[in-house]
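Input: a single structure, listed below in structure tokens.
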Amino acid sequence: MSLHRRGRRAHTASVRRQDGLTLAQLGKELDTYSVAISTQVRTINLGVLGLSWLMLLGDEKLANVAPKLSHPALMAIALACLLALVLDLGQYLLGERAVLAAFDDANKSEQGSAEYNEASFAYRAAFWCYRAKLVLTLMAAAMLIALVSHALI
């Protein structure tokens with residue numbers, strides 16, 4: 001499911017942009033970036049979650065830093081990472097629902113094509129899950145960096 005919103009772009013795939021790419025090609029590029037961003041979000045969240053967990057356990061390699069860190073702050077960071085991962089899953093589950101609805105519409109149409117129903121709950125929720133997981137990931141990473149930096153200073 002493409003995360004771009006057609007209302008903000010030209011409405012037909014045959015329209016060419018100044019750089020010579022069609023909207024269909026741009027949509028494919030946007031999907032490629034969306035997948036890459038989602039992969040990075042998962043990687044960052046698992047890394048931050050793992051590091052937070054090690055600090056909460058008081059790993060011997062982190063013995064100098066771990067006692068100086070706030071356990072509630074580490075728990076908040078871990079929860080933000082877990083929520084971002086749940087939102088990542090939600091984005092893809094809801095996106096699948098939106099794609100299936102468009103697929104059903106395409107099967108029912110005479111032309112054999114359909115567009116996403118941008119007003120549907122699944123489409124809008126997938127879009128906002130994508131945005132929210134990015135915000136939570138950046139927030140958790142920034143919080144961990146700030147917390148560790150403060151402890152080391």
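The way I read the labels, and the way they are meant: chains A, B, ... in the order of the structure tokens, residue 1 as the first residue of every chain, and ligand 1 as the first ligand shown, with later ones counted on from there.
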>> Residues near Leu49 of chain A, anyone? I mean within 12 Å using only C-alpha atoms, not counting same-chain ones fewer than 2 positions away, as JSON, numbers by chain.
In response: {"A": [41, 42, 43, 44, 45, 46, 47, 51, 52, 53, 54, 55, 56, 74, 75, 76, 77, 78, 79, 80, 81, 82, 83, 84, 85, 137, 140, 141, 143, 144]}
> Counting only C-alpha atoms, what is within 9 Å of segment 111-122 of chain A, bar same-chain residues fewer than 2 positions away, as a PyMOL selection string?
Replying inline: chain A and resi 1+5-6+91+93-99+101-109+124-127
> Where does DSSP see alpha helix (DSSP H) in segment 12-133 of chain A, if you list the residues as number ranges by chain?
Replying inline: A: 23-57, 71-108, 121-133
> What does the distance between atom CA of Cys129 of chain A and atom CA of Pro72 of chain A come to in Å, to one decimal place?
Replying inline: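 A separation of 25.3 Å between them.
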> At what distance in Å, to one decimal, does atom CA of Arg131 of chain A lie from atom CA of Val48 of chain A?
Replying inline: 18.8 Å
>> Give me the residues near Val35 of chain A as a list of chain:residue names, where near means some atom within 12 Å (using only C-alpha atoms) and where sequence neighbours in that chain fewer than 3 positions away do not count.
In response: A:Met1, A:Ser2, A:Leu3, A:Lys28, A:Glu29, A:Leu30, A:Asp31, A:Thr32, A:Ser38, A:Thr39, A:Gln40, A:Val41, A:Arg42, A:Asp88, A:Gln91, A:Tyr92, A:Tyr130
Let's have the selection written as a CSV table (one decimal), in the first residue's frame, with C-alpha atoms.
```
chain,number,residue,atom,x,y,z
A,1,MET,CA,0.0,0.0,0.0
A,2,SER,CA,1.4,3.3,-1.0
A,3,LEU,CA,1.5,5.9,1.8
A,28,LYS,CA,7.0,3.0,-6.6
A,29,GLU,CA,9.9,5.0,-5.3
A,30,LEU,CA,7.8,6.3,-2.4
A,31,ASP,CA,6.9,2.7,-1.5
A,32,THR,CA,10.6,1.7,-1.7
A,38,SER,CA,10.1,0.8,8.2
A,39,THR,CA,13.2,-1.5,8.3
A,40,GLN,CA,15.3,1.3,9.9
A,41,VAL,CA,12.5,1.9,12.4
A,42,ARG,CA,12.5,-1.7,13.4
A,88,ASP,CA,4.6,-0.9,12.8
A,91,GLN,CA,0.4,-0.3,9.9
A,92,TYR,CA,1.0,-3.4,7.9
A,130,TYR,CA,3.3,5.0,10.0
```
